[in-house]
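Asks: Below is work_33.tsv; it holds TSV, C-alpha atoms and all ligand atoms.
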chain	number	residue	atom	x	y	z
A	23	MET	CA	58.67	128.96	36.54
A	24	VAL	CA	58.43	132.67	37.14
A	25	GLU	CA	61.30	134.18	38.98
A	26	PHE	CA	61.48	137.56	40.53
A	27	CYS	CA	64.49	139.77	40.66
A	28	PRO	CA	66.03	139.58	44.08
A	29	LYS	CA	67.13	143.17	43.68
A	30	CYS	CA	64.12	145.09	42.41
A	31	LYS	CA	61.39	142.42	42.57
A	32	SER	CA	60.55	142.77	38.89
A	33	MET	CA	59.76	139.66	36.90
A	34	MET	CA	62.70	137.88	35.41
A	35	LYS	CA	62.67	136.50	31.89
A	36	PRO	CA	64.81	133.76	30.47
A	37	SER	CA	67.73	134.94	28.44
A	38	ALA	CA	70.39	133.19	26.48
A	39	GLU	CA	72.84	130.81	28.12
A	40	GLY	CA	70.14	129.42	30.37
A	41	LYS	CA	70.10	132.49	32.54
A	42	VAL	CA	67.29	134.72	33.59
A	43	LYS	CA	67.38	138.44	33.27
A	44	CYS	CA	65.49	141.13	35.10
A	45	ARG	CA	62.80	142.84	33.01
A	46	ASN	CA	63.48	146.16	34.65
A	47	PRO	CA	65.84	147.85	32.20
A	48	SER	CA	67.29	150.07	34.87
A	49	CYS	CA	68.19	147.01	36.88
A	50	GLY	CA	69.13	144.36	34.35
A	51	LEU	CA	70.21	141.87	36.94
A	52	GLU	CA	71.11	138.52	35.49
A	53	LYS	CA	71.38	135.26	37.25
A	54	GLY	CA	71.62	131.60	36.57
A	55	ALA	CA	68.31	129.90	36.10
A	56	GLY	CA	67.04	126.92	37.94
A	57	PRO	CA	67.21	126.02	41.56
A	58	ALA	CA	70.36	126.94	43.32
A	59	PRO	CA	72.62	123.93	43.73
A	60	ALA	CA	72.45	122.45	47.17
A	61	VAL	CA	75.11	124.08	49.22
A	62	ALA	CA	77.42	121.36	50.32
A	63	GLU	CA	78.23	121.81	53.94
A	64	PRO	CA	81.98	121.81	54.23
A	65	ARG	CA	82.81	118.84	56.35
A	66	MET	CA	84.23	120.31	59.48
A	67	GLY	CA	86.83	118.41	61.32
A	68	VAL	CA	85.21	116.27	63.91
A	69	THR	CA	87.30	116.86	66.92
A	70	SER	CA	86.86	117.51	70.53
A	71	LYS	CA	88.01	120.80	71.85
A	72	ARG	CA	91.30	120.41	73.54
A	73	ARG	CA	93.04	122.64	75.94
A	74	GLU	CA	96.17	123.09	73.90
A	75	ARG	CA	95.65	125.70	71.26
A	76	GLU	CA	98.26	124.22	68.96
A	77	VAL	CA	96.55	120.87	68.85
A	78	THR	CA	94.54	121.00	65.72
A	79	VAL	CA	92.09	118.80	63.91
A	80	VAL	CA	92.88	115.13	64.17
A	81	ASP	CA	90.32	113.86	61.72
A	82	GLY	CA	91.32	111.85	58.73
A	83	VAL	CA	94.25	110.30	60.46
A	84	PRO	CA	94.97	106.93	58.90
A	85	ASP	CA	94.84	103.91	61.12
A	86	THR	CA	98.30	102.74	60.29
A	87	LEU	CA	100.86	105.34	61.10
A	88	PRO	CA	104.57	105.19	61.47
A	89	THR	CA	105.87	105.52	64.96
A	90	THR	CA	108.79	107.41	66.32
A	91	ARG	CA	110.47	107.95	69.61
A	92	ALA	CA	109.01	111.05	71.13
A	93	LYS	CA	108.29	111.73	74.73
A	94	CYS	CA	104.72	112.49	75.64
A	95	SER	CA	104.47	115.47	77.94
A	96	GLU	CA	101.27	114.09	79.36
A	97	CYS	CA	102.19	110.58	80.44
A	98	GLY	CA	105.87	110.26	79.66
A	99	HIS	CA	105.42	107.45	77.17
A	100	GLU	CA	108.16	107.48	74.59
A	101	THR	CA	106.57	106.13	71.46
A	102	ALA	CA	104.29	108.22	69.34
A	103	GLN	CA	102.63	107.85	66.01
A	104	TRP	CA	103.28	110.64	63.60
A	105	TRP	CA	101.90	112.05	60.39
A	106	LEU	CA	102.28	115.09	58.29
A	107	ARG	CA	99.49	117.49	57.73
A	108	GLN	CA	99.08	120.61	55.65
A	109	MET	CA	97.88	123.39	57.85
A	110	ARG	CA	94.93	125.29	56.52
A	111	GLY	CA	95.75	128.84	55.62
A	112	ALA	CA	99.22	128.62	57.01
A	113	ASP	CA	102.10	129.37	54.73
A	114	GLU	CA	104.38	126.92	56.41
A	115	PRO	CA	104.78	123.76	54.34
A	116	GLU	CA	103.81	120.70	56.35
A	117	THR	CA	103.52	120.16	60.03
A	118	ARG	CA	104.34	116.95	61.80
A	119	PHE	CA	101.86	115.79	64.34
A	120	LEU	CA	102.58	113.25	67.00
A	121	ARG	CA	100.16	111.14	68.93
A	122	CYS	CA	101.11	109.31	72.07
A	123	MET	CA	100.65	105.56	71.69
A	124	LYS	CA	99.64	105.26	75.28
A	125	CYS	CA	97.33	108.10	76.22
A	126	GLY	CA	96.45	109.42	72.79
A	127	LYS	CA	97.65	112.94	73.45
A	128	THR	CA	98.24	114.64	70.15
A	129	TRP	CA	100.65	117.45	69.69
A	130	ARG	CA	102.33	119.33	66.97
A	131	GLU	CA	106.02	119.22	66.42
A	132	TYR	CA	107.71	122.48	65.68
A	133	ALA	CA	110.43	122.25	63.11
A	201	ZN	ZN	65.90	143.76	38.86
A	202	ZN	ZN	100.95	110.04	76.61
Go through the file and emit its structure as structure tokens.
Replies:
Amino acid sequence: MVEFCPKCKSMMKPSAEGKVKCRNPSCGLEKGAGPAPAVAEPRMGVTSKRREREVTVVDGVPDTLPTTRAKCSECGHETAQWWLRQMRGADEPETRFLRCMKCGKTWREYA
């Protein structure tokens, strides 16, 4: 398989370590040989857009969750399931999320 340098379009030749190297000495670009590994699409959280900004992704929530007494601001129901979740990119440790047992409203509890 002949590869061409993506930088200067010269032919690439195989070099040690299973790489290919650009034949153009003034370029010398090196890259891994072979087809690029299939880029795995990061699995985005499947969630519907909600009005509340603080309500985040609710995917991966286990079916069996502990419940606690917490009043739902939506329907006033007082039992909610809860779970902890590490927020992406946030430097806070873990956030507790609550989900109303009745209407399914999910909200985040601020410590
Ligand atoms: Zn090159
Ligand atoms: Zn509710």
Asks: Using all atoms listed in the file, which protein or nucleic acid residues are at most 6 Å from ligand ZN 202 (chain A), as a PyMOL selection string?
Replies: chain A and resi 94+96-99+122+124-127
Asks: Go through A:Arg45, A:Lys53, A:Arg130, A:Arg121 one by one, measure the shortest atom-to-atom distance of each to ligand ZN 201 (chain A) using all atoms listed in the file, and give the residue with the smallest value.
Replies: A:Arg45
Asks: As a quick test: using all atoms listed in the file, which residues lie no more than 10 Å away from ligand ZN 201 (chain A)? Give them as an MDAnalysis selection string.
Replies: chainID A and resid 26:34 43:52
Asks: CA of Thr90 in chain A and CA of Leu106 in chain A are how many Å apart?
Replies: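 These atoms are spaced 12.9 Å apart.
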Asks: Report, in Å with one decimal, the straight-line distance from CA of Ala38 in chain A to CA of Val24 in chain A.
Replies: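 Going from CA of Ala38 in chain A over to CA of Val24 in chain A covers 16.0 Å.
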Asks: Report, in Å to a single decimal, how far apart CA of Met123 in chain A and CA of Glu100 in chain A are.
Replies: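 Separation of CA of Glu100 in chain A and CA of Met123 in chain A: 8.3 Å.
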Asks: Here is a test: counting all atoms listed in the file, which residue of A:Met109, A:Gly54, A:Tyr132, A:Arg118 is nearest to Thr89 in chain A?
Replies: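 Smallest distance to Thr89 in chain A is found for A:Arg118.
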